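Peer 1: I am attaching a structure below and will ask some questions about it afterwards.
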Amino acid sequence: MPVKNLKLNLEPSQADGSSQQDLDRPTASDIFEQVARNARQELKRPLLALAISGLVGGLTMGLTGLGVSIAAAELGTSPVAQFVAHLLYPVGFIAVILGRAQLFTENTLYPVALILSERRHLLSTLRLWSIVLPCNLIGALLFALLAERSGALRPEYLASLTRIGVEAASGTPSHIFWSGVIGGWIIALVAWMVSGSHSVTGSVMLIWVLTFLVGIGHFAHCIASSGEILSSVLSHQTALSAYLSWLGPAVAGNITGGVVLVTLLEYGQVHGRSA
């Protein structure tokens with residue numbers, strides 16, 4: 001009798017099939033729906049919450065340059081040492097994305113996907129961008145001030161961070177733009193794939209592998225690279241005008257890469273068959 005009762009109690013959950021469904025590999029449509037849900041939540045957040053979250057995101061992204069600079073200072077400048085040092089580049093992205101802080105390059109996916117799907121939210125998206133991007137940059141400046149002016153870093157670490165910033169700011173506007181396209185493409189792809197991940201461990205691995213490519217490939221990222229370049233500006237190794245000349249093409253490239261190479265193409269993958 002107890003066995004029979006146990007069987008009857010199990011039947012509803014088995015018939016529901018929700019547990020098994022959670023283990024299925026999500027389709028592109030499933031991921032797109034999750035992306036749209038994330039976008040709705042972000043667009044509803046109060047201005048102050050967005051601003052503080054953007055500030056936290058920009059400050060935390062400084063961990064990318066900090067991790068690489070410390071490892072590079074300890075390991076040396078050989079190609080193998082540089083490769084190993086860049087294994088720490090994803091740390092900032094992991095902290096920001098899993099911590100749900102605002103990161104401008106992620107927002108080239110979420111709200112734009114919602115605009116394409118529902119044909120509205122344009123003004124809300126522009127509002128989001130106009131708050132998050134400046135706050136991310138202010139956060140990056142706070143990281144640079146902490147690194148350069150607080151005395152917290154050992155001289156060799158500071159010199160390594162400054163060197164990374166000087167290298168990041170170099171290049172023609174065309175190179176910076178196209179480098180930013182690839183950087184924006186990869187980060188928006190990270191946001192897309194994390195939306196389809198079932199676990200924190202899986203999300204960490206996805207973020208780690210993909211953002212490692214951004215670091216080792218020296219692709220422009222308007223927030224992560226800003227912390228490094230602003231550190232070199234504060235140490236008088238890079239001119240402020242050089243940073244501003246870098247920032248415009250980097251932002252434009254990140255937006256282009258995120259919106260065109262990920263959001264538009266993923267939208268086409270999901271909705272093209274019904275067109």
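To be explicit about the labels: the chains of the structure tokens are called A, B, and onward in the order shown, and within each one the residues are counted from 1, while ligands get numbers from 1 in the order they are shown.
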Please produce, as a tab-separated table, a per-residue contact table for segment 163-197 of chain A versus segment 253-258 of chain A (criterion: any atom at most 9 Å away, only C-alpha atoms considered), showing the nearest atom pair and its distance in Å to one decimal, sorted by chain then residue number.
Peer 2:
```
residue	atom	partner	partner_atom	distance
A:Ile176	CA	A:Gly253	CA	7.6
A:Phe177	CA	A:Gly253	CA	4.6
A:Trp178	CA	A:Gly253	CA	6.0
A:Ser179	CA	A:Gly253	CA	7.1
A:Gly180	CA	A:Gly253	CA	4.2
A:Val181	CA	A:Gly257	CA	4.1
A:Ile182	CA	A:Gly257	CA	6.0
A:Gly183	CA	A:Asn254	CA	6.2
A:Gly184	CA	A:Asn254	CA	3.8
A:Trp185	CA	A:Gly257	CA	4.2
A:Ile186	CA	A:Gly258	CA	7.6
A:Ile187	CA	A:Gly258	CA	7.2
A:Ala188	CA	A:Gly258	CA	5.0
A:Leu189	CA	A:Gly258	CA	7.6
```
Peer 1: Output C-alpha atoms for every residue in the selection just made, as a compact mmCIF listing (two decimals), in the first residue's frame.
Peer 2:
```
# COMPACT_ATOMS: atom_id res chain seq x y z
CA ILE A 176 40.63 50.57 -33.33
CA PHE A 177 37.16 50.50 -34.91
CA TRP A 178 37.55 47.05 -36.50
CA SER A 179 39.26 45.72 -33.38
CA GLY A 180 36.25 47.04 -31.46
CA VAL A 181 33.89 45.28 -33.88
CA ILE A 182 35.46 41.94 -33.00
CA GLY A 183 35.51 42.79 -29.29
CA GLY A 184 31.84 43.83 -29.34
CA TRP A 185 30.90 40.73 -31.31
CA ILE A 186 32.55 38.43 -28.76
CA ILE A 187 31.05 40.15 -25.70
CA ALA A 188 27.53 40.21 -27.15
CA LEU A 189 28.01 36.53 -28.03
```
Peer 1: Quick one: everything within 10 Å of Arg149 of chain A, counting only C-alpha atoms, minus sequence neighbours fewer than 5 positions away in the same chain. Send it as a list in words.
Peer 2: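 My reading of the contact set: Phe143, Ala144, Ser231, Leu234 and Ser235 of chain A.
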Peer 1: Return the single residue from A:Thr263, A:Glu228, A:Ser245, A:Glu118 that is closest to Met193 of chain A, with distances computed using only C-alpha atoms.
Peer 2: A:Thr263
Peer 1: Determine which residues of segment 102-202 of chain A DSSP labels as alpha helix (DSSP H) from the backbone of this structure, then write them out as a PyMOL selection string.
Peer 2: chain A and resi 110-118+122-149+155-169+173-195+200-202
Peer 1: Using atom CA of Gly57 of chain A and atom CA of Asn107 of chain A as the two end points, give the distance in Å to one decimal.
Peer 2: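 Between atom CA of Gly57 of chain A and atom CA of Asn107 of chain A the gap works out to 12.4 Å.
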Peer 1: Which residues come within 9 Å of Met61 of chain A, counting only C-alpha atoms, excluding same-chain residues fewer than 5 positions away, as a list in words?
Peer 2: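 Counting only the stated atoms, we get Val56, Val91, Gly92, Phe93, Ala95, Val96, Leu103, Asn136, Gly139, Ala140, Phe143, Ile223, Ala224, Ser225 and Gly227 of chain A.
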Peer 1: Store the residues picked out above in a file with all heavy atoms, as a short mmCIF file (atom, residue, chain, number, x, y, z; two decimals), in the first residue's frame.
Peer 2:
```
data_model
loop_
_atom_site.label_atom_id
_atom_site.label_comp_id
_atom_site.auth_asym_id
_atom_site.auth_seq_id
_atom_site.Cartn_x
_atom_site.Cartn_y
_atom_site.Cartn_z
N VAL A 56 29.47 50.37 -10.74
CA VAL A 56 30.07 49.13 -10.22
C VAL A 56 30.67 48.31 -11.37
O VAL A 56 31.77 47.76 -11.25
CB VAL A 56 29.01 48.29 -9.47
CG1 VAL A 56 29.55 46.91 -9.13
CG2 VAL A 56 28.58 49.02 -8.20
N VAL A 91 38.68 37.67 -15.61
CA VAL A 91 38.20 37.78 -14.23
C VAL A 91 37.19 38.92 -14.08
O VAL A 91 36.14 38.77 -13.44
CB VAL A 91 39.39 37.98 -13.27
CG1 VAL A 91 38.89 38.34 -11.87
CG2 VAL A 91 40.25 36.73 -13.22
N GLY A 92 37.47 40.08 -14.66
CA GLY A 92 36.55 41.20 -14.56
C GLY A 92 35.21 40.92 -15.20
O GLY A 92 34.16 41.26 -14.66
N PHE A 93 35.24 40.29 -16.38
CA PHE A 93 33.99 39.95 -17.07
C PHE A 93 33.16 38.96 -16.26
O PHE A 93 31.93 39.10 -16.17
CB PHE A 93 34.29 39.36 -18.45
CG PHE A 93 34.77 40.36 -19.44
CD1 PHE A 93 36.12 40.52 -19.70
CD2 PHE A 93 33.87 41.16 -20.15
CE1 PHE A 93 36.58 41.44 -20.63
CE2 PHE A 93 34.30 42.09 -21.07
CZ PHE A 93 35.67 42.24 -21.31
N ALA A 95 33.15 38.57 -12.99
CA ALA A 95 32.61 39.25 -11.83
C ALA A 95 31.44 40.16 -12.20
O ALA A 95 30.43 40.21 -11.50
CB ALA A 95 33.71 40.07 -11.14
N VAL A 96 31.55 40.86 -13.32
CA VAL A 96 30.50 41.78 -13.73
C VAL A 96 29.27 41.05 -14.23
O VAL A 96 28.13 41.35 -13.83
CB VAL A 96 31.02 42.75 -14.82
CG1 VAL A 96 29.87 43.54 -15.44
CG2 VAL A 96 32.04 43.71 -14.22
N LEU A 103 26.91 46.41 -17.90
CA LEU A 103 28.06 46.51 -18.79
C LEU A 103 27.55 46.95 -20.15
O LEU A 103 26.70 46.28 -20.74
CB LEU A 103 28.80 45.18 -18.88
CG LEU A 103 30.07 45.17 -19.75
CD1 LEU A 103 31.11 46.15 -19.19
CD2 LEU A 103 30.65 43.77 -19.82
N ASN A 136 29.80 53.50 -16.67
CA ASN A 136 30.88 52.53 -16.85
C ASN A 136 32.23 53.23 -16.97
O ASN A 136 33.23 52.80 -16.38
CB ASN A 136 30.65 51.70 -18.12
CG ASN A 136 29.72 50.51 -17.92
OD1 ASN A 136 29.36 49.84 -18.89
ND2 ASN A 136 29.34 50.23 -16.69
N GLY A 139 33.31 54.58 -13.69
CA GLY A 139 33.83 53.47 -12.90
C GLY A 139 35.23 53.08 -13.31
O GLY A 139 36.09 52.79 -12.45
N ALA A 140 35.50 53.09 -14.63
CA ALA A 140 36.85 52.80 -15.12
C ALA A 140 37.84 53.85 -14.62
O ALA A 140 38.99 53.53 -14.26
CB ALA A 140 36.86 52.75 -16.64
N PHE A 143 38.68 53.15 -11.04
CA PHE A 143 39.68 52.09 -10.95
C PHE A 143 41.07 52.65 -11.22
O PHE A 143 42.03 52.33 -10.49
CB PHE A 143 39.38 50.97 -11.95
CG PHE A 143 40.57 50.06 -12.17
CD1 PHE A 143 40.92 49.11 -11.23
CD2 PHE A 143 41.36 50.21 -13.31
CE1 PHE A 143 42.05 48.31 -11.41
CE2 PHE A 143 42.48 49.41 -13.51
CZ PHE A 143 42.83 48.45 -12.56
N ILE A 223 35.15 49.55 -22.28
CA ILE A 223 35.16 49.67 -20.82
C ILE A 223 36.40 49.03 -20.21
O ILE A 223 37.13 49.68 -19.46
CB ILE A 223 33.90 49.05 -20.21
CG1 ILE A 223 32.64 49.59 -20.89
CG2 ILE A 223 33.85 49.32 -18.70
CD1 ILE A 223 32.51 51.09 -20.89
N ALA A 224 36.68 47.78 -20.55
CA ALA A 224 37.84 47.10 -19.98
C ALA A 224 39.13 47.83 -20.33
O ALA A 224 39.99 48.07 -19.47
CB ALA A 224 37.90 45.66 -20.47
N SER A 225 39.28 48.22 -21.60
CA SER A 225 40.50 48.91 -22.02
C SER A 225 40.57 50.32 -21.45
O SER A 225 41.67 50.86 -21.28
CB SER A 225 40.55 48.97 -23.56
OG SER A 225 40.52 47.68 -24.13
N GLY A 227 39.95 51.32 -18.40
CA GLY A 227 40.63 51.28 -17.12
C GLY A 227 42.14 51.27 -17.29
O GLY A 227 42.88 51.95 -16.56
#
```
Peer 1: Using only C-alpha atoms, which residue out of A:Ala81, A:Leu50, A:Ala113, A:Ile131 lies closest to Gly268 of chain A?
Peer 2: A:Ala113
Peer 1: Using only C-alpha atoms for the distances, tell me which of A:Leu43, A:Leu48, A:Ile94, A:Leu146 is nearest to Ala191 of chain A.
Peer 2: A:Ile94
Peer 1: Give the answer as one residue: which of A:Ser199, A:Thr60, A:Ser124, A:Ser117 has the shortest atom-to-atom distance to Val35 of chain A, using only C-alpha atoms?
Peer 2: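 Ranked by minimum distance to Val35 of chain A, first place goes to A:Ser117.
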